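Here's the structure, in structure tokens; my notes come after.
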Amino acid sequence: MDEEYDAIVLGTGLKECILSGMLSVSGKKVLHIDRNKYYGGESASITPLEDLLSKYNLNNEGDQYGRGRDWNVDLIPKFLMANGQLVKLLIHTGVTRYLEFKSVEGSYVYKGGRISKVPADEREALASDLMGLFEKRRFKNFLIFVQEYNLEDPKTWKDFDARTMTMAQLYEKFGLDENTRDFTGHALALQRDDDYVKAPAYSTMKRIKLYSESLARYGKSPYLYPMYGLGELPQGFARLSAIYGGTYMLDKPVDELVMEEGKVVGVKSGEEIAKCKQVYCDPSYVTDRVKKVGQVIRAICLLDHPIPNTKDALSTQIIIPQKQVGRKSDIYVSLVSYTHQVAAKGWFVAMVSTTVETNTPEDEIRPGLALLGNIRQKFVTVSDYYEPVEDGTSNQIFISSSYDATTHFETTCLDVLDIFKRGTGEDFDFSKVKHTLEEDM
Amino acid sequence: MANRQSGGSNTAGGGAQRPNGAPQNKICQFKLVLLGESAVGKSSLVLRFVKGQFHEYQESTIGAAFLTQTVMLDDTTVKFEIWDTAGQERYHSLAPMYYRGAQAAIVVYDITNQETFARAKTWVKELQRQASPNIVIALAGNKSDLSAKRMVDHDEAYAYADENGLLFMETSAKTAMNVTDIFLAIGMFL
Ligand SMILES: Cc1cc2nc3c(=O)[nH]c(=O)nc-3n(C[C@H](O)[C@H](O)[C@H](O)COP(=O)(O)OP(=O)(O)OC[C@H]3O[C@@H](n4cnc5c(N)ncnc54)[C@H](O)[C@@H]3O)c2cc1C
Ligand SMILES: Nc1nc2c(ncn2[C@@H]2O[C@H](COP(=O)(O)OP(=O)(O)OP(=O)(O)O)[C@@H](O)[C@H]2O)c(=O)[nH]1
Ligand SMILES: [Mg+2]
């Protein structure tokens, strides 16, 4: 440990592991430490189930939840967008080689107390029970317009300049009603609140395109999920980092960051000091350098059946748009199951999450819980959401934000790419990834 | 996207796709992981098996940490996906993902170093506890060309392997002794 490194990374959550991988690939000498003796930090998947149960003073007596070691329960639930940024990172870095994904079966949206499949193309729109006949036709025309819209080619604009005109104006142009706007903005474009309506339409149009393109890739929904749980993702990127020379130490306490003239110069663990030029870490390693900006509530629910009204989908996502339940932020429901090797045979793991808005957060997720049917066991956590106080450029300490309530990796990837740029002064160069990670003879 | 089949070993008998209708061999694919203390010769064994080479000054592993090699066993084509540790084991920080879904493991020690044998035993325990229950484990006592400096008794290692149901061979990545043999023995076993 008593060596000098370009960067020391603290914590093995997904963000830190992606960063560690990108830094090593870029030729930096990296030391990666975690105080826990397992990979993943907050983005770990807990196994066996007994480890999770015991935190809540419960047990698995008589194997009532099946075999404990068949479970890998994510603490933070998220899906990958098939055509999204994280998938691009995985493919470019070759980390897909270590992982296996399954397509998520269903994507649903909540309307007036019940759920409906999210229509993503013209054909699905026509079959949807979300809209009346005439609305369907208007929505179909809207989707075709968005698909064909090309900024380079004003002929496709049909008098609509998406760079200056707002999403509200676009909805207006096609005469879409409130309900259609709601699922378009929240379940297709995955906007988290309604601010997007007043913003230029182009960014939301791009999001709708990404949804359709991701859907086109694997079919049933635009989302992917890794076998054995999300905890595999940080491990995959950690391996990437190690292959490019990164040094790994788990179960290593971190006592303090050593500073000199306002800059970090090392990390102290017991009597040892590892020298470095930069530190990258999650908020838990630098509690005096982050501020609390909110809270996220997450309820992990063990079920012995699929979610009702989803055609027995073995994996699914449901979005409850804020307006439907009189809130400011959406409620997210996700479900994975034994088919992803994250639960014992016949079992399902549902997660309901949202950004906390009141003093009684458990009441806030009730509309989500109500969709699940009988819940065999429920684990509720309310976690603080932290952001760094400084951007790190002056003290060279680059801190990630906590994981938010969204069920996708959008913000995760954006945070990582932004930290990488702040830390190295450049965008990540994918061409630096050697393609010799595997060799076929 | 990775399209590994769940469970890994997929035995395909794709005769039907062949236009000439010739009988086709079975193809089996296995994930094989290497474990053992640093510098016992894990990478050297793979290099010998896959490329038939040996480097006196093999660098501690970084770079290509994933190789494949195909061998014929009777009428079956066996494709090994061979994973090397990438040095993550050095501070006892190997990710469980590494041996997840592996059908076979070679646990390597250096016959000239008693400590590496003790470490090999802890790896065997770890695999028996964490890896899939029907994983095939082989124990390799490497650097057998250095028998003048031997510190681990052949019969003691053999007895240990026997007790624990492991395949066992002493190997040398340098002279190539038993290297292909140990991989083939695993292939037969699978
Ligand atoms: C073509 C394209 C356009 C983008 N446009 C925007 C944008 O306008 N504003 C922005 O903040 N980020 C945009 N991004 C970045 C994007 O939000 C995320 O960085 C990326 O999709 C995250 O991918 P992921 O694998 O982490 O998947 P996830 O994070 O699981 O993907 C879901 C996220 O992708 C984004 N998204 C969903 N549908 C669409 C869609 N139809 N078009 C574009 N993005 C969508 C959403 O923000 C959503 O939360 C865009 C990305 C692409 C490839
Ligand atoms: N004499 C002799 N030397 C060997 C043999 N196998 C490996 N070596 C030497 O032992 C050293 C370490 O070999 P590696 O293959 O790098 O060992 P490793 O287990 O992959 O090491 P890490 O990558 O650090 O975990 C090298 O200098 C090799 O040349 C062998 O069979 N005989
Ligand atoms: Mg090696």
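For the structure tokens, the naming scheme is as follows: chains receive sequential letters (A, B, ...) according to their order of presentation, residues are indexed from 1 within each chain, and ligands are indexed from 1 in presentation order.
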
Inset, instruction - With only C-alpha atoms and all ligand atoms counted, collect every polymer residue having an atom within 7 Å of ligand 3; state the result as JSON, numbers by chain. - result: {"B": [38, 39, 41, 42, 43, 60, 61, 84, 85, 86, 87]}

Inset, instruction - Please write out the residues within 10 Å of ligand 2 as a PyMOL selection string, counting only C-alpha atoms and all ligand atoms. - result: chain B and resi 34-48+54-62+65+84-90+108-112+141-147+170-177+179

Just the residues within 9 Å of stretch 253-257 of chain A, please, counting only C-alpha atoms, with nothing from its chain fewer than 5 positions along; format it as a JSON list (two decimals) with N, CA and C atoms, in the first residue's frame.
```
[["chain", "number", "residue", "atom", "x", "y", "z"],
["A", 10, "LEU", "N", -12.16, 5.28, -3.50],
["A", 10, "LEU", "CA", -12.68, 4.74, -2.24],
["A", 10, "LEU", "C", -14.14, 4.33, -2.41],
["A", 33, "ILE", "N", -9.96, 0.94, -2.98],
["A", 33, "ILE", "CA", -10.14, 0.42, -1.62],
["A", 33, "ILE", "C", -11.62, 0.41, -1.25],
["A", 34, "ASP", "N", -12.02, -0.60, -0.48],
["A", 34, "ASP", "CA", -13.36, -0.57, 0.12],
["A", 34, "ASP", "C", -13.24, -0.98, 1.57],
["A", 35, "ARG", "N", -13.98, -0.29, 2.44],
["A", 35, "ARG", "CA", -13.91, -0.64, 3.86],
["A", 35, "ARG", "C", -14.65, -1.96, 4.13],
["A", 36, "ASN", "N", -15.61, -2.31, 3.25],
["A", 36, "ASN", "CA", -16.32, -3.58, 3.42],
["A", 36, "ASN", "C", -15.54, -4.72, 2.80],
["A", 264, "VAL", "N", -5.46, 17.04, -1.83],
["A", 264, "VAL", "CA", -5.29, 15.71, -1.27],
["A", 264, "VAL", "C", -3.96, 15.14, -1.78],
["A", 265, "VAL", "N", -3.20, 14.50, -0.84],
["A", 265, "VAL", "CA", -1.93, 13.90, -1.25],
["A", 265, "VAL", "C", -1.82, 12.43, -0.83],
["A", 266, "GLY", "N", -2.83, 11.95, -0.12],
["A", 266, "GLY", "CA", -2.75, 10.56, 0.29],
["A", 266, "GLY", "C", -3.97, 10.10, 1.06],
["A", 267, "VAL", "N", -4.00, 8.78, 1.32],
["A", 267, "VAL", "CA", -5.08, 8.18, 2.10],
["A", 267, "VAL", "C", -4.44, 7.38, 3.21],
["A", 268, "LYS", "N", -4.92, 7.58, 4.44],
["A", 268, "LYS", "CA", -4.34, 6.91, 5.59],
["A", 268, "LYS", "C", -5.23, 5.76, 6.04],
["A", 269, "SER", "N", -4.61, 4.59, 6.22],
["A", 269, "SER", "CA", -5.31, 3.43, 6.74],
["A", 269, "SER", "C", -4.44, 2.81, 7.81],
["A", 270, "GLY", "N", -4.85, 2.91, 9.08],
["A", 270, "GLY", "CA", -4.02, 2.45, 10.17],
["A", 270, "GLY", "C", -2.71, 3.22, 10.16],
["A", 279, "VAL", "N", -8.27, 11.75, -5.39],
["A", 279, "VAL", "CA", -9.14, 10.76, -4.76],
["A", 279, "VAL", "C", -10.51, 10.83, -5.42],
["A", 285, "TYR", "N", -17.38, 8.25, 2.40],
["A", 285, "TYR", "CA", -15.98, 8.34, 2.80],
["A", 285, "TYR", "C", -15.57, 9.76, 3.15],
["A", 286, "VAL", "N", -16.43, 10.72, 2.88],
["A", 286, "VAL", "CA", -16.08, 12.13, 3.10],
["A", 286, "VAL", "C", -17.29, 12.89, 3.63]]
```

Inset, instruction - Could you please extract the residues within 10 Å of ligand 1, counting only C-alpha atoms and all ligand atoms, and hand them back as number ranges by chain? - result: A: 78-90, 120, 146, 184-192, 196, 200-214, 222-225, 406-415, 417

Legend entry - Distance criterion (only C-alpha atoms): nearest to chain B out of A:Asp312, A:Glu232, A:Asp363, A:Asp391: A:Glu232

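Of all the residues in stretch 27-147 of chain B, the ones DSSP labels as alpha helix (DSSP H) from the backbone are Lys42, Ser43, Ser44, Leu45, Val46, Leu47, Arg48, Phe49, Val50, Lys51, Gln114, Glu115, Thr116, Phe117, Ala118, Arg119, Ala120, Lys121, Thr122, Trp123, Val124, Lys125, Glu126, Leu127, Gln128, Arg129 and Gln130 of chain B.
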
Inset, instruction - Identify, with DSSP run on backbone atoms, the residues in stretch 93-216 of chain A assigned to strand (DSSP E), and express the list as a list in words. - result: Phe101, Lys102, Ser103, Gly106, Ser107, Tyr108, Val109, Tyr110, Lys111, Arg114, Ile115, Ser116 and Lys117 of chain A

Can you write just those residues out, N, CA, C and O atoms, as a compact mmCIF listing (two decimals), in the first residue's frame?
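part_34.txt, written as the output of this step:
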```
# COMPACT_ATOMS: atom_id res chain seq x y z
N PHE A 101 -27.30 -10.74 -19.70
CA PHE A 101 -28.48 -9.92 -19.47
C PHE A 101 -29.74 -10.61 -19.94
O PHE A 101 -29.72 -11.42 -20.84
N LYS A 102 -30.84 -10.22 -19.32
CA LYS A 102 -32.15 -10.64 -19.79
C LYS A 102 -32.96 -9.39 -20.07
O LYS A 102 -32.84 -8.39 -19.38
N SER A 103 -33.81 -9.49 -21.08
CA SER A 103 -34.68 -8.38 -21.40
C SER A 103 -35.82 -8.35 -20.37
O SER A 103 -36.34 -9.37 -19.99
N GLY A 106 -41.97 -6.49 -19.29
CA GLY A 106 -43.07 -5.55 -19.49
C GLY A 106 -42.76 -4.16 -18.98
O GLY A 106 -42.00 -3.97 -18.03
N SER A 107 -43.31 -3.16 -19.63
CA SER A 107 -43.17 -1.78 -19.17
C SER A 107 -44.58 -1.21 -19.10
O SER A 107 -45.29 -1.18 -20.10
N TYR A 108 -44.99 -0.81 -17.89
CA TYR A 108 -46.36 -0.39 -17.67
C TYR A 108 -46.45 1.02 -17.12
O TYR A 108 -45.49 1.54 -16.55
N VAL A 109 -47.60 1.63 -17.29
CA VAL A 109 -47.83 2.95 -16.74
C VAL A 109 -49.18 2.95 -16.02
O VAL A 109 -50.10 2.22 -16.40
N TYR A 110 -49.25 3.76 -14.95
CA TYR A 110 -50.42 3.79 -14.09
C TYR A 110 -51.34 4.92 -14.53
O TYR A 110 -50.91 6.04 -14.75
N LYS A 111 -52.63 4.58 -14.66
CA LYS A 111 -53.59 5.61 -15.04
C LYS A 111 -54.92 5.31 -14.36
O LYS A 111 -55.46 4.20 -14.52
N ARG A 114 -55.41 1.95 -12.37
CA ARG A 114 -55.00 0.67 -12.94
C ARG A 114 -53.77 0.84 -13.84
O ARG A 114 -53.35 1.96 -14.13
N ILE A 115 -53.18 -0.30 -14.27
CA ILE A 115 -51.97 -0.17 -15.08
C ILE A 115 -52.21 -0.66 -16.50
O ILE A 115 -53.02 -1.55 -16.75
N SER A 116 -51.49 -0.05 -17.44
CA SER A 116 -51.59 -0.42 -18.85
C SER A 116 -50.20 -0.53 -19.43
O SER A 116 -49.27 0.15 -18.97
N LYS A 117 -50.05 -1.37 -20.44
CA LYS A 117 -48.76 -1.51 -21.11
C LYS A 117 -48.41 -0.19 -21.81
O LYS A 117 -49.28 0.45 -22.39
```

Inset, instruction - Give the residues of chain A that lie within 9 Å of chain B; count only C-alpha atoms, and format the answer as number ranges by chain. - result: A: 37-39, 87, 90-91, 96-101, 227, 232, 235-236, 238-240, 242-251, 434, 436-441

Residues of the last selection are to be written out with N, CA, C and O atoms, as a compact mmCIF listing (two decimals), in the first residue's frame.
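part-v1.txt was written with the following content:
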```txt
# COMPACT_ATOMS: atom_id res chain seq x y z
N LYS A 37 -15.90 -5.95 3.17
CA LYS A 37 -15.17 -7.06 2.58
C LYS A 37 -15.89 -7.63 1.36
O LYS A 37 -15.55 -8.71 0.87
N TYR A 38 -16.86 -6.89 0.84
CA TYR A 38 -17.52 -7.30 -0.39
C TYR A 38 -17.54 -6.12 -1.37
O TYR A 38 -17.38 -4.97 -0.98
N TYR A 39 -17.72 -6.44 -2.64
CA TYR A 39 -17.82 -5.41 -3.68
C TYR A 39 -19.22 -4.81 -3.71
O TYR A 39 -20.20 -5.49 -3.40
N VAL A 87 -25.07 0.75 -21.36
CA VAL A 87 -24.85 -0.39 -22.26
C VAL A 87 -23.70 -0.07 -23.21
O VAL A 87 -22.86 -0.92 -23.50
N LEU A 90 -20.57 -0.55 -21.32
CA LEU A 90 -20.33 -1.98 -21.12
C LEU A 90 -19.76 -2.62 -22.38
O LEU A 90 -18.83 -3.42 -22.32
N ILE A 91 -20.32 -2.26 -23.52
CA ILE A 91 -19.90 -2.88 -24.76
C ILE A 91 -18.50 -2.39 -25.15
O ILE A 91 -17.61 -3.18 -25.44
N THR A 96 -19.25 -6.54 -21.00
CA THR A 96 -20.37 -7.45 -21.30
C THR A 96 -19.91 -8.91 -21.32
O THR A 96 -20.71 -9.80 -21.13
N ARG A 97 -18.63 -9.12 -21.59
CA ARG A 97 -18.09 -10.47 -21.65
C ARG A 97 -18.30 -11.22 -20.33
O ARG A 97 -18.41 -12.44 -20.31
N TYR A 98 -18.33 -10.49 -19.24
CA TYR A 98 -18.44 -11.14 -17.93
C TYR A 98 -19.87 -11.24 -17.44
O TYR A 98 -20.13 -11.75 -16.37
N LEU A 99 -20.79 -10.66 -18.17
CA LEU A 99 -22.15 -10.55 -17.66
C LEU A 99 -23.13 -11.16 -18.64
O LEU A 99 -22.84 -11.31 -19.81
N GLU A 100 -24.31 -11.45 -18.14
CA GLU A 100 -25.34 -11.99 -18.99
C GLU A 100 -26.62 -11.23 -18.67
O GLU A 100 -26.96 -11.05 -17.51
N PHE A 101 -27.30 -10.74 -19.70
CA PHE A 101 -28.48 -9.92 -19.47
C PHE A 101 -29.74 -10.61 -19.94
O PHE A 101 -29.72 -11.42 -20.84
N MET A 227 -28.17 -10.98 -15.03
CA MET A 227 -28.35 -12.18 -14.22
C MET A 227 -27.52 -12.05 -12.93
O MET A 227 -26.43 -11.49 -12.96
N GLU A 232 -23.43 -7.43 -9.92
CA GLU A 232 -22.44 -7.93 -10.88
C GLU A 232 -21.79 -6.79 -11.67
O GLU A 232 -20.68 -6.92 -12.16
N GLN A 235 -18.67 -5.32 -10.02
CA GLN A 235 -17.63 -6.35 -10.08
C GLN A 235 -17.03 -6.45 -11.48
O GLN A 235 -15.83 -6.65 -11.65
N GLY A 236 -17.87 -6.32 -12.49
CA GLY A 236 -17.40 -6.38 -13.87
C GLY A 236 -16.45 -5.24 -14.19
O GLY A 236 -15.39 -5.44 -14.78
N ALA A 238 -14.77 -3.53 -11.97
CA ALA A 238 -13.59 -3.70 -11.12
C ALA A 238 -12.60 -4.64 -11.81
O ALA A 238 -11.39 -4.41 -11.79
N ARG A 239 -13.13 -5.69 -12.42
CA ARG A 239 -12.25 -6.60 -13.14
C ARG A 239 -11.56 -5.89 -14.30
O ARG A 239 -10.37 -6.09 -14.54
N LEU A 240 -12.33 -5.06 -14.99
CA LEU A 240 -11.74 -4.28 -16.08
C LEU A 240 -10.56 -3.47 -15.55
O LEU A 240 -9.47 -3.45 -16.12
N ALA A 242 -8.78 -3.98 -12.89
CA ALA A 242 -7.68 -4.86 -12.49
C ALA A 242 -6.90 -5.34 -13.70
O ALA A 242 -5.67 -5.42 -13.67
N ILE A 243 -7.61 -5.65 -14.78
CA ILE A 243 -6.94 -6.12 -15.99
C ILE A 243 -6.00 -5.06 -16.53
O ILE A 243 -4.93 -5.35 -17.06
N TYR A 244 -6.37 -3.80 -16.35
CA TYR A 244 -5.51 -2.70 -16.78
C TYR A 244 -4.58 -2.24 -15.67
O TYR A 244 -4.11 -1.11 -15.67
N GLY A 245 -4.36 -3.08 -14.66
CA GLY A 245 -3.33 -2.79 -13.68
C GLY A 245 -3.80 -2.21 -12.36
O GLY A 245 -2.99 -1.96 -11.48
N GLY A 246 -5.09 -1.98 -12.20
CA GLY A 246 -5.62 -1.45 -10.94
C GLY A 246 -5.39 -2.42 -9.78
O GLY A 246 -5.48 -3.63 -9.96
N THR A 247 -5.05 -1.87 -8.60
CA THR A 247 -4.83 -2.70 -7.42
C THR A 247 -6.06 -2.67 -6.53
O THR A 247 -6.59 -1.58 -6.26
N TYR A 248 -6.52 -3.82 -6.07
CA TYR A 248 -7.74 -3.91 -5.27
C TYR A 248 -7.48 -4.33 -3.84
O TYR A 248 -6.77 -5.29 -3.60
N MET A 249 -8.06 -3.60 -2.90
CA MET A 249 -8.00 -3.98 -1.49
C MET A 249 -9.38 -3.82 -0.87
O MET A 249 -9.87 -2.71 -0.71
N LEU A 250 -9.99 -4.94 -0.52
CA LEU A 250 -11.26 -4.89 0.20
C LEU A 250 -10.96 -4.99 1.69
O LEU A 250 -9.84 -5.29 2.09
N ASP A 251 -11.99 -4.75 2.50
CA ASP A 251 -11.86 -4.96 3.93
C ASP A 251 -10.72 -4.12 4.51
O ASP A 251 -9.97 -4.59 5.36
N LYS A 434 -8.25 -1.33 -25.25
CA LYS A 434 -7.65 -2.29 -26.17
C LYS A 434 -8.67 -3.37 -26.45
O LYS A 434 -9.48 -3.71 -25.62
N THR A 436 -8.01 -6.40 -26.81
CA THR A 436 -7.37 -7.68 -26.57
C THR A 436 -7.81 -8.28 -25.24
O THR A 436 -7.16 -9.13 -24.69
N LEU A 437 -8.93 -7.81 -24.72
CA LEU A 437 -9.42 -8.37 -23.47
C LEU A 437 -9.69 -9.85 -23.63
O LEU A 437 -9.61 -10.61 -22.70
N GLU A 438 -10.05 -10.24 -24.80
CA GLU A 438 -10.26 -11.65 -25.07
C GLU A 438 -9.51 -11.97 -26.34
O GLU A 438 -9.35 -11.14 -27.22
N GLU A 439 -9.05 -13.18 -26.43
CA GLU A 439 -8.37 -13.58 -27.65
C GLU A 439 -8.92 -14.91 -28.07
O GLU A 439 -8.95 -15.85 -27.29
N ASP A 440 -9.36 -15.01 -29.27
CA ASP A 440 -9.84 -16.29 -29.75
C ASP A 440 -8.73 -16.95 -30.54
O ASP A 440 -8.11 -16.34 -31.38
N MET A 441 -8.48 -18.17 -30.24
CA MET A 441 -7.42 -18.89 -30.95
C MET A 441 -8.06 -19.72 -32.06
O MET A 441 -9.04 -20.37 -31.83
```

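Around A:Tyr338, within 9 Å and counting only C-alpha atoms, the residues found are Asp70, Trp71, Leu314, Val342, Ala343, Ala344, Lys345, Gly346, Trp347, Phe348 and Val349 of chain A, once anything fewer than 4 positions away on its own chain is removed.
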
Limited to all heavy atoms, could you put the picked residues into a file as a short mmCIF file (atom, residue, chain, number, x, y, z; two decimals), in the first residue's frame?
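again.cif, written as the output of this step:
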```cif
data_model
loop_
_atom_site.label_atom_id
_atom_site.label_comp_id
_atom_site.auth_asym_id
_atom_site.auth_seq_id
_atom_site.Cartn_x
_atom_site.Cartn_y
_atom_site.Cartn_z
N ASP A 70 -29.86 -18.71 -2.76
CA ASP A 70 -30.35 -18.47 -4.11
C ASP A 70 -30.76 -17.01 -4.32
O ASP A 70 -31.09 -16.61 -5.44
CB ASP A 70 -31.57 -19.36 -4.41
CG ASP A 70 -31.18 -20.83 -4.52
OD1 ASP A 70 -29.98 -21.09 -4.73
OD2 ASP A 70 -32.06 -21.70 -4.38
N TRP A 71 -30.75 -16.23 -3.24
CA TRP A 71 -31.18 -14.83 -3.36
C TRP A 71 -30.00 -13.89 -3.56
O TRP A 71 -28.93 -14.08 -2.97
CB TRP A 71 -31.91 -14.40 -2.08
CG TRP A 71 -33.23 -15.09 -1.84
CD1 TRP A 71 -33.42 -16.33 -1.32
CD2 TRP A 71 -34.54 -14.56 -2.11
NE1 TRP A 71 -34.77 -16.61 -1.26
CE2 TRP A 71 -35.48 -15.54 -1.72
CE3 TRP A 71 -35.01 -13.35 -2.63
CZ2 TRP A 71 -36.86 -15.36 -1.84
CZ3 TRP A 71 -36.38 -13.16 -2.75
CH2 TRP A 71 -37.28 -14.17 -2.36
N LEU A 314 -42.38 -11.99 -15.64
CA LEU A 314 -41.40 -12.39 -14.63
C LEU A 314 -40.46 -11.23 -14.32
O LEU A 314 -39.61 -11.32 -13.44
CB LEU A 314 -40.62 -13.61 -15.10
CG LEU A 314 -41.49 -14.84 -15.35
CD1 LEU A 314 -40.68 -15.96 -15.99
CD2 LEU A 314 -42.14 -15.32 -14.06
N VAL A 342 -32.00 -14.10 -8.84
CA VAL A 342 -31.93 -13.17 -7.71
C VAL A 342 -32.90 -13.58 -6.61
O VAL A 342 -33.02 -12.89 -5.60
CB VAL A 342 -32.22 -11.71 -8.13
CG1 VAL A 342 -31.15 -11.21 -9.08
CG2 VAL A 342 -33.60 -11.58 -8.75
N ALA A 343 -33.60 -14.68 -6.80
CA ALA A 343 -34.56 -15.14 -5.80
C ALA A 343 -34.66 -16.66 -5.89
O ALA A 343 -34.32 -17.25 -6.91
CB ALA A 343 -35.93 -14.51 -6.05
N ALA A 344 -35.11 -17.27 -4.78
CA ALA A 344 -35.29 -18.72 -4.80
C ALA A 344 -36.42 -19.07 -5.76
O ALA A 344 -37.26 -18.22 -6.10
CB ALA A 344 -35.62 -19.22 -3.38
N LYS A 345 -36.43 -20.31 -6.21
CA LYS A 345 -37.41 -20.80 -7.19
C LYS A 345 -38.83 -20.37 -6.80
O LYS A 345 -39.26 -20.56 -5.67
CB LYS A 345 -37.31 -22.32 -7.25
CG LYS A 345 -38.19 -22.98 -8.29
CD LYS A 345 -37.50 -23.04 -9.65
CE LYS A 345 -38.51 -23.44 -10.72
NZ LYS A 345 -38.39 -22.70 -11.97
N GLY A 346 -39.52 -19.74 -7.74
CA GLY A 346 -40.91 -19.36 -7.49
C GLY A 346 -41.08 -18.01 -6.80
O GLY A 346 -42.20 -17.59 -6.56
N TRP A 347 -39.97 -17.33 -6.49
CA TRP A 347 -40.05 -16.06 -5.77
C TRP A 347 -39.74 -14.85 -6.64
O TRP A 347 -39.10 -14.98 -7.68
CB TRP A 347 -39.10 -16.07 -4.57
CG TRP A 347 -39.61 -16.93 -3.46
CD1 TRP A 347 -39.44 -18.27 -3.34
CD2 TRP A 347 -40.40 -16.51 -2.34
NE1 TRP A 347 -40.07 -18.72 -2.22
CE2 TRP A 347 -40.66 -17.68 -1.58
CE3 TRP A 347 -40.90 -15.29 -1.90
CZ2 TRP A 347 -41.42 -17.63 -0.40
CZ3 TRP A 347 -41.64 -15.24 -0.73
CH2 TRP A 347 -41.88 -16.41 0.01
N PHE A 348 -40.21 -13.69 -6.18
CA PHE A 348 -40.08 -12.43 -6.92
C PHE A 348 -39.61 -11.33 -5.96
O PHE A 348 -39.95 -11.36 -4.78
CB PHE A 348 -41.44 -12.01 -7.48
CG PHE A 348 -42.01 -13.00 -8.48
CD1 PHE A 348 -42.57 -14.21 -8.06
CD2 PHE A 348 -41.98 -12.72 -9.83
CE1 PHE A 348 -43.07 -15.12 -8.97
CE2 PHE A 348 -42.49 -13.62 -10.76
CZ PHE A 348 -43.04 -14.82 -10.32
N VAL A 349 -38.86 -10.38 -6.49
CA VAL A 349 -38.47 -9.23 -5.68
C VAL A 349 -39.02 -7.97 -6.34
O VAL A 349 -38.65 -7.65 -7.47
CB VAL A 349 -36.94 -9.08 -5.58
CG1 VAL A 349 -36.58 -7.99 -4.58
CG2 VAL A 349 -36.29 -10.39 -5.19
#
```

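Each of B:Ala159, B:Val107, B:Ile135, B:Cys28 was checked against B:Thr76 using only C-alpha atoms; the smallest atom-to-atom distance is that of B:Cys28.
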
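In this comparison, which uses only C-alpha atoms, the residue of A:Ile300, A:Thr316, A:Lys198, A:Lys421 approaching A:Leu53 most closely is A:Ile300.
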
What lies within 9 Å of B:Lys31 using only C-alpha atoms, ignoring chain neighbours under 4 positions off, as a JSON list (two decimals) with N, CA, C and O atoms, in the first residue's frame?
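Dumped to out-v2.json:
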```
[["chain", "number", "residue", "atom", "x", "y", "z"],
["B", 8, "GLY", "N", -24.10, -22.13, -18.82],
["B", 8, "GLY", "CA", -22.82, -22.17, -19.49],
["B", 8, "GLY", "C", -22.65, -23.28, -20.51],
["B", 8, "GLY", "O", -22.54, -23.01, -21.69],
["B", 9, "SER", "N", -22.63, -24.51, -20.09],
["B", 9, "SER", "CA", -22.27, -25.56, -21.02],
["B", 9, "SER", "C", -23.41, -25.78, -21.99],
["B", 9, "SER", "O", -24.45, -26.27, -21.61],
["B", 79, "LYS", "N", -14.54, -26.40, -25.90],
["B", 79, "LYS", "CA", -14.01, -25.05, -25.94],
["B", 79, "LYS", "C", -13.90, -24.52, -24.52],
["B", 79, "LYS", "O", -14.89, -24.43, -23.81],
["B", 80, "PHE", "N", -12.67, -24.24, -24.10],
["B", 80, "PHE", "CA", -12.46, -23.68, -22.76],
["B", 80, "PHE", "C", -12.45, -22.15, -22.84],
["B", 80, "PHE", "O", -11.73, -21.58, -23.65],
["B", 81, "GLU", "N", -13.26, -21.53, -22.00],
["B", 81, "GLU", "CA", -13.14, -20.09, -21.77],
["B", 81, "GLU", "C", -12.31, -19.98, -20.52],
["B", 81, "GLU", "O", -12.78, -20.31, -19.44],
["B", 82, "ILE", "N", -11.07, -19.53, -20.66],
["B", 82, "ILE", "CA", -10.17, -19.57, -19.50],
["B", 82, "ILE", "C", -10.02, -18.18, -18.89],
["B", 82, "ILE", "O", -9.64, -17.24, -19.57],
["B", 83, "TRP", "N", -10.35, -18.07, -17.64],
["B", 83, "TRP", "CA", -10.27, -16.78, -16.94],
["B", 83, "TRP", "C", -9.05, -16.76, -16.03],
["B", 83, "TRP", "O", -8.81, -17.70, -15.28],
["B", 99, "TYR", "N", -15.68, -16.56, -10.15],
["B", 99, "TYR", "CA", -15.93, -18.00, -10.26],
["B", 99, "TYR", "C", -17.40, -18.35, -10.39],
["B", 99, "TYR", "O", -17.78, -19.51, -10.44],
["B", 101, "GLY", "N", -20.63, -19.36, -12.01],
["B", 101, "GLY", "CA", -20.95, -20.06, -13.26],
["B", 101, "GLY", "C", -19.80, -20.85, -13.86],
["B", 101, "GLY", "O", -19.92, -21.36, -14.96],
["B", 102, "ALA", "N", -18.66, -20.95, -13.14],
["B", 102, "ALA", "CA", -17.54, -21.73, -13.67],
["B", 102, "ALA", "C", -17.85, -23.22, -13.53],
["B", 102, "ALA", "O", -18.34, -23.66, -12.50],
["B", 103, "GLN", "N", -17.55, -23.98, -14.60],
["B", 103, "GLN", "CA", -17.74, -25.44, -14.50],
["B", 103, "GLN", "C", -16.47, -26.11, -13.99],
["B", 103, "GLN", "O", -16.52, -27.24, -13.54],
["B", 104, "ALA", "N", -15.35, -25.40, -14.10],
["B", 104, "ALA", "CA", -14.10, -26.01, -13.68],
["B", 104, "ALA", "C", -13.14, -24.96, -13.12],
["B", 104, "ALA", "O", -13.20, -23.80, -13.50],
["B", 105, "ALA", "N", -12.29, -25.41, -12.20],
["B", 105, "ALA", "CA", -11.28, -24.51, -11.64],
["B", 105, "ALA", "C", -9.96, -25.28, -11.54],
["B", 105, "ALA", "O", -9.95, -26.47, -11.22]]
```
